[in-house]
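The data block below is input.cif; it holds mmCIF, C-alpha atoms.
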```cif
data_model
loop_
_atom_site.label_atom_id
_atom_site.label_comp_id
_atom_site.auth_asym_id
_atom_site.auth_seq_id
_atom_site.Cartn_x
_atom_site.Cartn_y
_atom_site.Cartn_z
CA MET A 14 -0.38 -1.65 -14.34
CA THR A 15 -0.33 -2.57 -18.02
CA MET A 16 -3.89 -3.85 -17.61
CA LEU A 17 -5.03 -0.50 -16.25
CA MET A 18 -3.09 1.39 -18.93
CA GLU A 19 -4.72 -0.70 -21.59
CA ARG A 20 -8.18 -0.09 -20.08
CA VAL A 21 -7.81 3.67 -20.38
CA GLY A 22 -6.08 3.57 -23.77
CA LEU A 23 -2.67 4.64 -22.50
CA LEU A 24 -0.66 1.58 -23.48
CA GLY A 25 -0.47 2.22 -27.23
CA PRO A 26 0.34 5.94 -27.10
CA LEU A 27 2.92 5.36 -24.34
CA ARG A 28 4.64 2.61 -26.32
CA GLY A 29 4.73 4.91 -29.35
CA ALA A 30 6.15 7.84 -27.39
CA ILE A 31 8.90 5.85 -25.66
CA ASP A 32 9.74 4.02 -28.87
CA ALA A 33 10.06 7.41 -30.57
CA GLY A 34 12.65 8.50 -28.00
CA LEU A 35 10.77 9.97 -24.99
CA PRO A 36 13.33 9.90 -22.13
CA THR A 37 12.02 7.37 -19.61
CA LEU A 38 13.02 6.67 -16.01
CA ALA A 39 11.45 3.39 -14.94
CA THR A 40 11.47 2.15 -11.35
CA CYS A 41 10.38 -1.27 -10.08
CA ALA A 42 6.96 -1.92 -11.68
CA GLY A 43 7.97 0.52 -14.41
CA MET A 44 10.86 -1.76 -15.29
CA ILE A 45 8.41 -4.67 -15.56
CA VAL A 46 6.11 -2.64 -17.81
CA LEU A 47 9.00 -1.95 -20.20
CA ALA A 48 10.59 -5.41 -20.16
CA ARG A 49 10.71 -7.67 -23.21
CA GLU A 50 9.87 -10.73 -21.11
CA VAL A 51 8.00 -11.09 -17.80
CA SER A 52 7.67 -14.26 -15.76
CA ASP A 53 5.50 -15.00 -12.71
CA GLY A 54 3.12 -12.23 -13.73
CA MET A 55 -0.59 -12.37 -14.33
CA ARG A 56 -1.66 -14.65 -17.16
CA ASP A 57 -1.37 -12.85 -20.49
CA GLN A 58 0.62 -10.06 -18.84
CA ALA A 59 1.94 -8.18 -21.84
CA GLY A 60 3.93 -5.05 -21.31
CA LEU A 61 5.51 -2.56 -23.66
CA GLY A 62 8.30 -4.93 -24.63
CA LEU A 63 10.71 -2.07 -25.31
CA LEU A 64 13.54 -2.92 -22.92
CA ASP A 65 15.79 -5.86 -23.76
CA ILE A 66 15.66 -7.64 -20.38
CA ALA A 67 13.79 -10.60 -18.90
CA VAL A 68 12.40 -10.03 -15.40
CA ARG A 69 10.71 -12.18 -12.78
CA ARG A 70 7.97 -10.36 -10.87
CA ASN A 71 8.55 -10.34 -7.10
CA GLY A 72 11.76 -12.22 -7.91
CA TYR A 73 13.38 -11.34 -4.57
CA GLY A 74 10.37 -12.68 -2.65
CA ARG A 75 7.39 -11.21 -0.88
CA GLN A 76 7.30 -8.07 1.28
CA VAL A 77 9.11 -9.72 4.22
CA ASP A 78 12.08 -10.10 1.83
CA SER A 79 12.02 -6.46 0.70
CA PHE A 80 15.35 -4.89 1.60
CA GLU A 81 17.73 -1.95 1.64
CA ALA A 82 21.31 -2.23 0.39
CA ASP A 83 24.10 -0.03 -0.86
CA ILE A 84 25.04 -0.51 -4.51
CA ASP A 85 27.78 0.86 -6.75
CA VAL A 86 26.37 2.61 -9.80
CA ALA A 87 28.61 3.26 -12.81
CA GLY A 88 28.72 6.98 -13.49
CA LEU A 89 27.82 8.06 -9.94
CA GLU A 90 30.54 9.84 -8.02
CA GLY A 91 31.05 9.67 -4.28
CA LYS A 92 29.59 7.17 -1.85
CA PRO A 93 27.61 4.08 -2.92
CA PHE A 94 23.91 4.60 -3.66
CA HIS A 95 21.54 3.45 -0.91
CA ALA A 96 18.83 1.49 -2.74
CA VAL A 97 15.41 0.46 -1.39
CA PHE A 98 13.93 -2.67 -2.99
CA ILE A 99 10.18 -3.26 -2.43
CA ARG A 100 8.84 -6.58 -3.79
CA SER A 101 11.34 -5.89 -6.52
CA PRO A 102 11.52 -7.58 -9.91
CA LEU A 103 14.58 -9.77 -10.48
CA VAL A 104 16.44 -9.20 -13.73
CA GLU A 105 17.12 -12.74 -14.97
CA SER A 106 18.81 -11.95 -18.26
CA THR A 107 19.74 -8.97 -20.35
CA GLY A 108 20.23 -8.44 -24.05
CA ASN A 109 21.40 -5.27 -25.69
CA VAL A 110 21.43 -3.05 -22.59
CA GLU A 111 24.14 -1.46 -20.51
CA VAL A 112 24.17 -2.78 -16.92
CA ILE A 113 25.19 0.08 -14.62
CA ALA A 114 24.64 -1.60 -11.23
CA THR A 115 24.32 -5.11 -9.84
CA HIS A 116 23.29 -6.67 -6.55
CA GLU A 117 24.22 -10.26 -5.64
CA GLY A 118 25.18 -10.89 -9.22
CA HIS A 119 21.97 -9.66 -10.80
CA PRO A 120 21.56 -6.38 -12.70
CA VAL A 121 19.51 -3.80 -10.76
CA ALA A 122 20.02 -0.76 -13.01
CA VAL A 123 20.16 -0.87 -16.79
CA ARG A 124 20.30 1.68 -19.56
CA GLN A 125 19.15 1.35 -23.16
CA SER A 126 19.20 4.49 -25.33
CA ASN A 127 16.41 6.73 -23.93
CA ILE A 128 15.50 4.37 -21.05
CA LEU A 129 17.00 4.13 -17.56
CA ALA A 130 15.37 1.29 -15.62
CA LEU A 131 15.86 0.46 -11.93
CA CYS A 132 14.70 -2.44 -9.74
CA PHE A 133 14.66 -0.16 -6.71
CA HIS A 134 13.02 3.10 -5.64
CA PRO A 135 15.30 6.16 -5.72
CA GLU A 136 12.25 8.29 -4.83
CA LEU A 137 12.19 6.73 -1.33
CA THR A 138 15.55 8.27 -0.41
CA LYS A 139 16.74 11.87 -0.48
CA ASP A 140 19.74 11.10 -2.69
CA LEU A 141 19.07 12.80 -6.05
CA ARG A 142 22.18 11.56 -7.85
CA LEU A 143 20.36 8.94 -9.94
CA HIS A 144 17.72 11.44 -11.04
CA ARG A 145 20.53 13.82 -12.02
CA LEU A 146 22.32 11.03 -13.88
CA PHE A 147 19.09 10.33 -15.77
CA LEU A 148 18.59 13.99 -16.70
CA LYS A 149 22.21 14.27 -17.78
CA THR A 150 22.95 11.07 -19.64
CA THR A 151 19.56 9.68 -20.71
CA ALA A 152 17.33 12.73 -21.11
CA LYS A 153 20.32 15.01 -21.87
CA VAL A 154 18.51 18.07 -20.51
CA ILE A 155 21.19 19.11 -17.99
CA SER A 156 24.93 19.06 -18.31
CA MET B 18 22.32 -10.22 7.51
CA ALA B 19 23.61 -11.25 4.12
CA GLU B 20 26.56 -9.54 2.54
CA SER B 21 26.53 -8.28 -1.02
CA ASN B 22 29.26 -6.45 -2.89
CA GLY B 23 30.68 -6.01 0.61
CA TYR B 24 27.57 -4.04 1.60
CA LYS B 25 25.06 -5.25 4.14
CA VAL B 26 21.46 -6.06 3.26
CA VAL B 27 18.77 -4.91 5.69
CA LYS B 28 15.29 -6.45 5.67
CA GLY B 29 12.20 -5.37 7.59
CA SER B 30 13.33 -1.79 8.21
CA PHE B 31 10.70 0.91 8.71
CA LYS B 32 11.70 2.42 5.36
CA VAL B 33 10.96 -0.83 3.57
CA LYS B 34 7.71 -1.34 5.50
CA ALA B 35 6.39 2.19 4.91
CA GLY B 36 7.74 2.01 1.35
CA LEU B 37 5.31 -0.70 0.26
CA ALA B 38 2.40 1.48 1.38
CA GLN B 39 3.82 4.30 -0.78
CA MET B 40 3.50 1.98 -3.79
CA LEU B 41 -0.19 1.35 -3.04
CA LYS B 42 -1.13 5.05 -3.14
CA GLY B 43 -3.98 5.94 -5.44
CA GLY B 44 -5.19 2.34 -5.33
CA VAL B 45 -7.98 0.19 -3.95
CA ILE B 46 -7.46 -2.65 -1.48
CA MET B 47 -10.32 -5.15 -1.58
CA ASP B 48 -11.59 -7.65 1.00
CA VAL B 49 -11.76 -11.16 -0.44
CA VAL B 50 -12.88 -14.41 1.17
CA THR B 51 -11.89 -16.91 -1.54
CA ALA B 52 -9.14 -17.35 -4.14
CA GLU B 53 -11.82 -16.78 -6.78
CA HIS B 54 -12.69 -13.39 -5.23
CA ALA B 55 -9.00 -12.53 -5.12
CA LYS B 56 -8.66 -13.16 -8.86
CA ILE B 57 -11.68 -10.98 -9.58
CA ALA B 58 -10.17 -8.23 -7.41
CA GLN B 59 -6.84 -8.51 -9.22
CA ASP B 60 -8.52 -8.48 -12.64
CA SER B 61 -10.46 -5.38 -11.66
CA GLY B 62 -7.22 -3.53 -10.89
CA ALA B 63 -6.99 -3.77 -7.08
CA CYS B 64 -3.54 -2.75 -5.80
CA ALA B 65 -3.76 -5.37 -3.02
CA VAL B 66 -6.27 -7.72 -1.41
CA MET B 67 -7.24 -8.36 2.21
CA ALA B 68 -7.67 -12.09 2.80
CA LEU B 69 -10.32 -12.97 5.36
CA GLU B 70 -12.95 -15.60 6.16
CA ARG B 71 -15.93 -13.30 6.37
CA VAL B 72 -16.40 -9.76 5.10
CA PRO B 73 -17.24 -7.26 7.85
CA ALA B 74 -20.94 -7.21 6.92
CA ASP B 75 -21.14 -10.95 7.68
CA ILE B 76 -19.04 -10.65 10.85
CA ARG B 77 -21.50 -8.01 12.00
CA LYS B 78 -24.51 -10.16 11.12
CA GLU B 79 -23.24 -13.45 12.55
CA GLY B 80 -21.69 -12.10 15.73
CA GLY B 81 -19.44 -14.27 17.93
CA VAL B 82 -15.69 -13.89 18.31
CA ALA B 83 -14.02 -12.92 15.03
CA ARG B 84 -10.42 -14.17 14.77
CA MET B 85 -7.53 -14.36 12.32
CA SER B 86 -8.44 -16.40 9.22
CA ASP B 87 -7.38 -20.01 8.67
CA PRO B 88 -3.85 -20.14 7.17
CA THR B 89 -5.13 -22.57 4.51
CA LEU B 90 -7.46 -19.89 3.18
CA ILE B 91 -4.79 -17.19 3.41
CA ARG B 92 -2.28 -19.40 1.56
CA SER B 93 -4.76 -20.20 -1.20
CA ILE B 94 -5.35 -16.49 -1.74
CA MET B 95 -1.60 -15.76 -1.71
CA GLU B 96 -1.14 -18.42 -4.38
CA ALA B 97 -4.00 -17.10 -6.52
CA VAL B 98 -2.70 -13.57 -7.10
CA THR B 99 0.55 -11.70 -7.78
CA ILE B 100 -0.45 -8.46 -6.04
CA PRO B 101 0.28 -7.92 -2.31
CA VAL B 102 -1.93 -9.86 0.10
CA MET B 103 -2.88 -8.47 3.50
CA ALA B 104 -4.58 -10.24 6.40
CA LYS B 105 -6.12 -9.19 9.70
CA CYS B 106 -5.15 -10.05 13.23
CA ARG B 107 -6.97 -9.08 16.41
CA ILE B 108 -5.95 -5.91 18.25
CA GLY B 109 -3.18 -6.87 20.67
CA HIS B 110 -2.94 -10.47 19.44
CA PHE B 111 0.76 -10.57 18.67
CA VAL B 112 0.77 -14.34 18.20
CA GLU B 113 -1.74 -14.11 15.37
CA ALA B 114 0.63 -11.50 13.91
CA GLN B 115 3.59 -13.88 14.31
CA ILE B 116 1.64 -16.56 12.44
CA LEU B 117 0.74 -14.16 9.62
CA GLU B 118 4.38 -13.09 9.35
CA GLU B 119 5.42 -16.73 9.16
CA LEU B 120 2.94 -17.25 6.31
CA GLY B 121 4.75 -14.47 4.43
CA ILE B 122 1.77 -12.14 4.28
CA ASP B 123 2.66 -8.72 2.84
CA TYR B 124 0.82 -6.49 5.33
CA ILE B 125 -1.00 -7.11 8.62
CA ASP B 126 -4.11 -5.15 9.51
CA GLU B 127 -4.37 -5.00 13.31
CA SER B 128 -8.06 -4.57 13.00
CA GLU B 129 -11.03 -3.52 15.10
CA VAL B 130 -13.18 -5.58 12.71
CA LEU B 131 -11.97 -8.66 14.60
CA THR B 132 -12.70 -9.11 18.30
CA PRO B 133 -9.93 -7.40 20.32
CA ALA B 134 -7.58 -9.71 22.24
CA ASP B 135 -6.24 -6.98 24.52
CA GLU B 136 -8.24 -4.07 25.87
CA GLU B 137 -5.23 -2.00 26.85
CA PHE B 138 -2.32 -2.67 24.53
CA HIS B 139 -1.95 -2.79 20.79
CA ILE B 140 0.83 -4.93 19.31
CA ASP B 141 4.41 -3.61 19.53
CA LYS B 142 4.83 -3.59 15.77
CA HIS B 143 8.47 -2.50 15.55
CA PRO B 144 10.12 -5.93 15.98
CA PHE B 145 8.14 -7.45 13.09
CA LYS B 146 9.61 -7.66 9.59
CA VAL B 147 6.13 -7.52 8.10
CA PRO B 148 4.51 -4.06 8.01
CA PHE B 149 1.27 -3.19 9.81
CA VAL B 150 -1.69 -0.99 8.94
CA CYS B 151 -3.93 0.24 11.76
CA GLY B 152 -7.24 2.08 11.99
CA CYS B 153 -7.80 5.49 13.54
CA ARG B 154 -10.61 7.90 14.32
CA ASP B 155 -8.49 11.00 14.81
CA LEU B 156 -4.93 12.29 14.76
CA GLY B 157 -4.07 11.14 18.29
CA GLU B 158 -5.07 7.57 17.54
CA ALA B 159 -3.16 7.61 14.23
CA LEU B 160 0.02 8.85 15.90
CA ARG B 161 -0.23 6.37 18.77
CA ARG B 162 -0.39 3.56 16.22
CA ILE B 163 2.60 4.99 14.31
CA ALA B 164 4.50 5.22 17.61
CA GLU B 165 3.84 1.49 18.09
CA GLY B 166 5.28 0.86 14.63
CA ALA B 167 2.36 1.04 12.17
CA ALA B 168 3.76 1.77 8.68
CA MET B 169 0.38 2.70 7.23
CA ILE B 170 -2.82 4.19 8.65
CA ARG B 171 -6.44 3.96 7.62
CA THR B 172 -9.59 5.52 8.93
CA LYS B 173 -11.74 3.09 10.91
CA GLY B 174 -15.04 4.25 9.53
CA GLU B 175 -17.71 1.73 10.51
CA ALA B 176 -16.92 -1.51 8.71
CA GLY B 177 -19.65 -3.66 7.23
CA THR B 178 -22.26 -0.92 7.13
CA GLY B 179 -21.91 0.33 3.55
CA ASN B 180 -22.34 3.74 5.16
CA VAL B 181 -19.49 6.17 4.49
CA VAL B 182 -20.43 8.69 7.18
CA GLU B 183 -18.00 7.42 9.84
CA ALA B 184 -15.07 7.23 7.42
CA VAL B 185 -15.79 10.84 6.48
CA ARG B 186 -15.90 11.81 10.15
CA HIS B 187 -12.56 10.13 10.83
CA ALA B 188 -10.78 11.51 7.74
CA ARG B 189 -11.99 15.01 8.59
CA ALA B 190 -10.88 14.60 12.20
CA VAL B 191 -7.35 13.61 11.10
CA ASN B 192 -7.23 16.56 8.67
CA ALA B 193 -8.47 18.98 11.34
CA GLY B 194 -5.94 17.64 13.83
CA ILE B 195 -3.09 18.25 11.39
CA ARG B 196 -4.36 21.72 10.45
CA LYS B 197 -4.48 22.62 14.13
CA LEU B 198 -0.75 21.92 14.43
CA GLN B 199 0.15 24.44 11.75
CA GLY B 200 1.46 27.59 13.37
CA MET B 201 1.83 26.07 16.84
CA ASN B 202 5.04 26.92 18.68
CA LYS B 203 7.07 24.34 20.61
CA ALA B 204 5.28 24.86 23.92
CA GLU B 205 1.89 24.55 22.26
CA LEU B 206 3.01 21.35 20.51
CA VAL B 207 4.08 19.85 23.84
CA HIS B 208 0.66 20.65 25.27
CA GLU B 209 -1.09 19.24 22.20
CA ALA B 210 0.99 16.03 22.43
CA LYS B 211 -0.26 15.63 25.98
CA LEU B 212 -3.88 16.12 24.89
CA LEU B 213 -3.54 13.68 21.99
CA GLY B 214 -1.62 11.10 24.02
CA ALA B 215 0.92 10.90 21.21
CA PRO B 216 4.70 11.46 21.00
CA LEU B 217 5.85 15.04 20.48
CA GLU B 218 8.29 14.12 17.69
CA LEU B 219 5.45 12.71 15.58
CA LEU B 220 3.47 15.93 16.04
CA VAL B 221 6.53 17.90 14.95
CA GLU B 222 6.81 15.70 11.85
CA CYS B 223 3.11 16.16 11.00
CA GLN B 224 3.49 19.91 11.41
CA LYS B 225 6.47 19.95 9.07
CA LEU B 226 4.87 17.70 6.45
CA GLY B 227 1.32 19.04 6.73
CA ARG B 228 0.12 15.42 6.66
CA LEU B 229 0.63 12.08 8.42
CA PRO B 230 4.19 10.78 8.08
CA VAL B 231 2.90 7.49 6.61
CA VAL B 232 0.40 6.61 3.88
CA ASN B 233 -3.22 7.09 4.98
CA PHE B 234 -6.11 5.20 3.37
CA ALA B 235 -9.85 5.43 3.96
CA ALA B 236 -11.77 2.40 5.19
CA GLY B 237 -15.05 1.43 6.78
CA GLY B 238 -18.27 1.89 4.84
CA ILE B 239 -17.09 2.66 1.31
CA ALA B 240 -19.67 1.04 -1.00
CA THR B 241 -19.77 2.98 -4.28
CA PRO B 242 -17.41 4.72 -6.73
CA ALA B 243 -18.75 8.05 -5.44
CA ASP B 244 -17.86 7.06 -1.86
CA ALA B 245 -14.31 6.23 -2.94
CA ALA B 246 -13.92 9.53 -4.80
CA LEU B 247 -15.39 11.42 -1.83
CA MET B 248 -12.72 10.00 0.46
CA MET B 249 -9.99 10.76 -2.09
CA GLN B 250 -11.17 14.36 -2.37
CA LEU B 251 -11.00 14.57 1.43
CA GLY B 252 -7.28 13.91 1.01
CA VAL B 253 -6.70 10.21 1.71
CA ASP B 254 -4.08 8.34 -0.31
CA GLY B 255 -6.29 5.41 -1.36
CA VAL B 256 -9.22 3.29 -0.20
CA PHE B 257 -10.06 -0.06 1.35
CA VAL B 258 -13.33 -1.58 0.23
CA GLY B 259 -14.57 -4.35 2.48
CA SER B 260 -18.06 -5.66 2.00
CA GLY B 261 -18.86 -3.09 -0.71
CA ILE B 262 -17.67 -5.16 -3.64
CA PHE B 263 -18.62 -8.77 -2.98
CA LYS B 264 -21.89 -7.79 -1.31
CA SER B 265 -22.93 -5.88 -4.43
CA GLU B 266 -24.95 -7.36 -7.26
CA GLU B 267 -22.13 -7.34 -9.82
CA PRO B 268 -18.77 -7.53 -8.01
CA LEU B 269 -16.41 -7.29 -11.03
CA LYS B 270 -18.25 -4.31 -12.46
CA MET B 271 -18.42 -2.59 -9.06
CA ALA B 272 -14.75 -3.31 -8.40
CA LYS B 273 -13.62 -1.89 -11.75
CA ALA B 274 -15.79 1.18 -11.22
CA ILE B 275 -14.35 1.83 -7.75
CA VAL B 276 -10.80 1.45 -9.11
CA ALA B 277 -11.55 3.98 -11.87
CA ALA B 278 -13.26 6.36 -9.40
CA THR B 279 -10.23 6.22 -7.09
CA THR B 280 -7.90 7.11 -9.98
CA TYR B 281 -10.14 9.83 -11.46
CA PHE B 282 -11.54 11.03 -8.12
CA ASP B 283 -11.50 14.67 -9.23
CA LYS B 284 -13.09 14.13 -12.65
CA PRO B 285 -16.89 14.20 -12.26
CA GLU B 286 -17.34 13.30 -15.93
CA VAL B 287 -15.51 10.00 -15.38
CA LEU B 288 -17.32 9.41 -12.08
CA ALA B 289 -20.68 9.89 -13.78
CA GLU B 290 -19.75 7.37 -16.43
CA VAL B 291 -18.39 4.67 -14.12
CA SER B 292 -21.27 5.05 -11.62
CA ALA B 293 -23.88 4.16 -14.23
CA GLY B 294 -25.54 0.75 -14.49
CA LEU B 295 -23.68 -0.98 -11.65
CA GLY B 296 -26.67 -2.86 -10.28
CA LYS B 297 -27.46 -2.80 -6.60
CA ALA B 298 -24.77 -1.63 -4.19
CA MET B 299 -24.63 -3.44 -0.85
CA HIS B 300 -27.55 -2.87 1.44
CA GLY B 301 -26.46 -0.25 3.97
CA LEU B 302 -26.99 0.33 7.66
CA GLU B 303 -27.84 3.58 9.44
CA ILE B 304 -25.31 4.12 12.21
CA PRO B 305 -27.87 5.15 14.89
CA ALA B 306 -29.74 1.88 14.22
CA ILE B 307 -26.70 -0.12 15.39
CA PRO B 308 -26.60 -0.92 19.13
CA LYS B 309 -23.73 1.00 20.71
CA GLU B 310 -21.93 -2.12 21.88
CA GLU B 311 -21.87 -3.39 18.29
CA LEU B 312 -19.99 -0.37 16.90
CA LEU B 313 -16.58 -1.58 15.73
CA ALA B 314 -14.81 1.79 15.58
CA ALA B 315 -14.89 2.12 19.37
CA ARG B 316 -12.49 -0.84 19.62
CA GLY B 317 -8.86 0.32 19.92
CA TRP B 318 -7.22 2.52 22.49
#
```
Represent the structure of the file as structure tokens.
Amino acid sequence: MTMLMERVGLLGPLRGAIDAGLPTLATCAGMIVLAREVSDGMRDQAGLGLLDIAVRRNGYGRQVDSFEADIDVAGLEGKPFHAVFIRSPLVESTGNVEVIATHEGHPVAVRQSNILALCFHPELTKDLRLHRLFLKTTAKVIS
Amino acid sequence: MAESNGYKVVKGSFKVKAGLAQMLKGGVIMDVVTAEHAKIAQDSGACAVMALERVPADIRKEGGVARMSDPTLIRSIMEAVTIPVMAKCRIGHFVEAQILEELGIDYIDESEVLTPADEEFHIDKHPFKVPFVCGCRDLGEALRRIAEGAAMIRTKGEAGTGNVVEAVRHARAVNAGIRKLQGMNKAELVHEAKLLGAPLELLVECQKLGRLPVVNFAAGGIATPADAALMMQLGVDGVFVGSGIFKSEEPLKMAKAIVAATTYFDKPEVLAEVSAGLGKAMHGLEIPAIPKEELLAARGW
């Protein structure tokens, strides 16, 4: 993804915009693009380096290991959030970010100022609570 | 099933299988026959690769029974790249599918490009943890495959010809089939389900969505950036390119151009730019020049 963004000249402007405070919801590959450190990627895979986490690409395994699981997300009311993980990155360590959900001991949702980053795909379920949480607490466009 | 935070973890569900295809949308899946090819495909921006021993153009030329590829080759390709790797099994050959699942392949193409192993039944794809993509020529065929558990659909086109005409025919047929459902009442849908030989509930879903319920790619004869963009403008979600890349004069250049054309399919100014100076595309075949018994799209039931 970063390779394609670089090819069309999107990488620099995007880094600038997010760094300047553009509210950003990152899912799965988007989390990898933002991460400070990426392992098991392509050689010379260099992302935006804006999010203080280290991730391992396909860290949960290949597609046969992709999974669904409920998770508890801090700030979400009601039932647990049903999360769909597709060849998901594994968050191996975190720095100055707020971890708002974990799965089997690893962070799967983190927040850092204008960025909300998720290992899973909230767009594959009909539950809009995470999108609302993003708009409310990260983008601050709804109350 | 493992437990986590007291919640159960489910692998291999239809949601997870169809979900991977969602992530490939807007991308190009390229046929590769070596680890070296796979790296070129990845560097060009392919969203996935299809690992096989011979590209369809060579299968067509050499004849004989075409089977699942050697696991050694498939493994070497899986090790060479970080993007998803797909592989083909013969229609109805559920043991080849079991072997591919065991190898940890990311998607199985139950493909008419290989010699069918069963002339009546396709694989029951539901029990597998690994997702399947299947070819179709029209809506009925697409929905029958989905009923059997396919999590992704592609047009059959006519593989190995470098001729896009059959892929266009099949994409248009699927579109027309879905348009025909719009405005049908329940009784008419029941009748249509009978005609298509497909389950009523899938017709109802197509009617509601105005499209197939799973991701739908184009395949079979796409050889140039313009071909890829043509298929995208006809409404498919992405493209497979088989022989078109590694049978062209400059594979990396052609591959990058097809990736760009698939992204910017509705921007003629970009298409004009990326189509220039690519060298020779693969040599194509006229469909009427192919003996009827050698047409691959007719395989599948």
Hey, list the chain B side of the contact with chain A: 8 Å cut-off, all atoms listed in the file, answer as a compact mmCIF listing (two decimals) with C-alpha atoms, keeping the file's coordinate frame.
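Listing of selection_23.txt after writing:
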```txt
# COMPACT_ATOMS: atom_id res chain seq x y z
CA SER B 21 26.53 -8.28 -1.02
CA ASN B 22 29.26 -6.45 -2.89
CA TYR B 24 27.57 -4.04 1.60
CA LYS B 25 25.06 -5.25 4.14
CA VAL B 26 21.46 -6.06 3.26
CA VAL B 27 18.77 -4.91 5.69
CA LYS B 28 15.29 -6.45 5.67
CA GLY B 29 12.20 -5.37 7.59
CA SER B 30 13.33 -1.79 8.21
CA LYS B 32 11.70 2.42 5.36
CA VAL B 33 10.96 -0.83 3.57
CA LYS B 34 7.71 -1.34 5.50
CA GLY B 36 7.74 2.01 1.35
CA LEU B 37 5.31 -0.70 0.26
CA GLY B 62 -7.22 -3.53 -10.89
CA VAL B 98 -2.70 -13.57 -7.10
CA THR B 99 0.55 -11.70 -7.78
CA PRO B 101 0.28 -7.92 -2.31
CA GLU B 118 4.38 -13.09 9.35
CA GLY B 121 4.75 -14.47 4.43
CA ILE B 122 1.77 -12.14 4.28
CA ASP B 123 2.66 -8.72 2.84
CA TYR B 124 0.82 -6.49 5.33
CA LYS B 146 9.61 -7.66 9.59
CA VAL B 147 6.13 -7.52 8.10
```
Would you translate the PyMOL selection byres ((chain B and resi 223) around 10) into the concrete set of residues it matches in this file, as a compact mmCIF listing (two decimals) with C-alpha atoms, in the frame of the given file?
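Written output follows (out31.txt):
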```txt
# COMPACT_ATOMS: atom_id res chain seq x y z
CA LEU B 156 -4.93 12.29 14.76
CA LEU B 160 0.02 8.85 15.90
CA GLY B 194 -5.94 17.64 13.83
CA ILE B 195 -3.09 18.25 11.39
CA ARG B 196 -4.36 21.72 10.45
CA LEU B 198 -0.75 21.92 14.43
CA GLN B 199 0.15 24.44 11.75
CA LEU B 217 5.85 15.04 20.48
CA GLU B 218 8.29 14.12 17.69
CA LEU B 219 5.45 12.71 15.58
CA LEU B 220 3.47 15.93 16.04
CA VAL B 221 6.53 17.90 14.95
CA GLU B 222 6.81 15.70 11.85
CA GLN B 224 3.49 19.91 11.41
CA LYS B 225 6.47 19.95 9.07
CA LEU B 226 4.87 17.70 6.45
CA GLY B 227 1.32 19.04 6.73
CA ARG B 228 0.12 15.42 6.66
CA LEU B 229 0.63 12.08 8.42
CA PRO B 230 4.19 10.78 8.08
CA VAL B 231 2.90 7.49 6.61
```
Shell of 12 Å around A:Val51, all atoms listed in the file, local chain residues under 3 positions omitted, as a PyMOL selection string: chain A and resi 15+42+44-48+54-62+64-72+102-106
For those residues, write C-alpha atoms to a file as a short mmCIF file (atom, residue, chain, number, x, y, z; two decimals), in the frame of the given file.
```cif
data_model
loop_
_atom_site.label_atom_id
_atom_site.label_comp_id
_atom_site.auth_asym_id
_atom_site.auth_seq_id
_atom_site.Cartn_x
_atom_site.Cartn_y
_atom_site.Cartn_z
CA THR A 15 -0.33 -2.57 -18.02
CA ALA A 42 6.96 -1.92 -11.68
CA MET A 44 10.86 -1.76 -15.29
CA ILE A 45 8.41 -4.67 -15.56
CA VAL A 46 6.11 -2.64 -17.81
CA LEU A 47 9.00 -1.95 -20.20
CA ALA A 48 10.59 -5.41 -20.16
CA GLY A 54 3.12 -12.23 -13.73
CA MET A 55 -0.59 -12.37 -14.33
CA ARG A 56 -1.66 -14.65 -17.16
CA ASP A 57 -1.37 -12.85 -20.49
CA GLN A 58 0.62 -10.06 -18.84
CA ALA A 59 1.94 -8.18 -21.84
CA GLY A 60 3.93 -5.05 -21.31
CA LEU A 61 5.51 -2.56 -23.66
CA GLY A 62 8.30 -4.93 -24.63
CA LEU A 64 13.54 -2.92 -22.92
CA ASP A 65 15.79 -5.86 -23.76
CA ILE A 66 15.66 -7.64 -20.38
CA ALA A 67 13.79 -10.60 -18.90
CA VAL A 68 12.40 -10.03 -15.40
CA ARG A 69 10.71 -12.18 -12.78
CA ARG A 70 7.97 -10.36 -10.87
CA ASN A 71 8.55 -10.34 -7.10
CA GLY A 72 11.76 -12.22 -7.91
CA PRO A 102 11.52 -7.58 -9.91
CA LEU A 103 14.58 -9.77 -10.48
CA VAL A 104 16.44 -9.20 -13.73
CA GLU A 105 17.12 -12.74 -14.97
CA SER A 106 18.81 -11.95 -18.26
#
```
Expansion of the PyMOL selection byres ((chain B and resi 51) around 12) into residues, as number ranges by chain: B: 47-50, 52-58, 66-72, 86-87, 89-98, 263
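Nearest residue to A:Ala39 among A:Lys139, A:Val86, A:His119, A:Leu63 is A:Leu63, counting all atoms listed in the file.
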Output as JSON the centre and edge lengths (Å, one decimal) of the box along x, y and z of the file that holds every listed atom of stretch 114-122 of chain A after adding 4 Å on each side.
```
{"center_x": 22.3, "center_y": -5.8, "center_z": -9.3, "size_x": 13.7, "size_y": 18.1, "size_z": 15.4}
```
Expansion of the PyMOL selection byres ((chain B and resi 294-304) around 10) into residues, as a count of residues only: 38
Atom pair atom CA of B:Thr172 / atom CA of B:Phe234: separation (Å): 6.6 Å
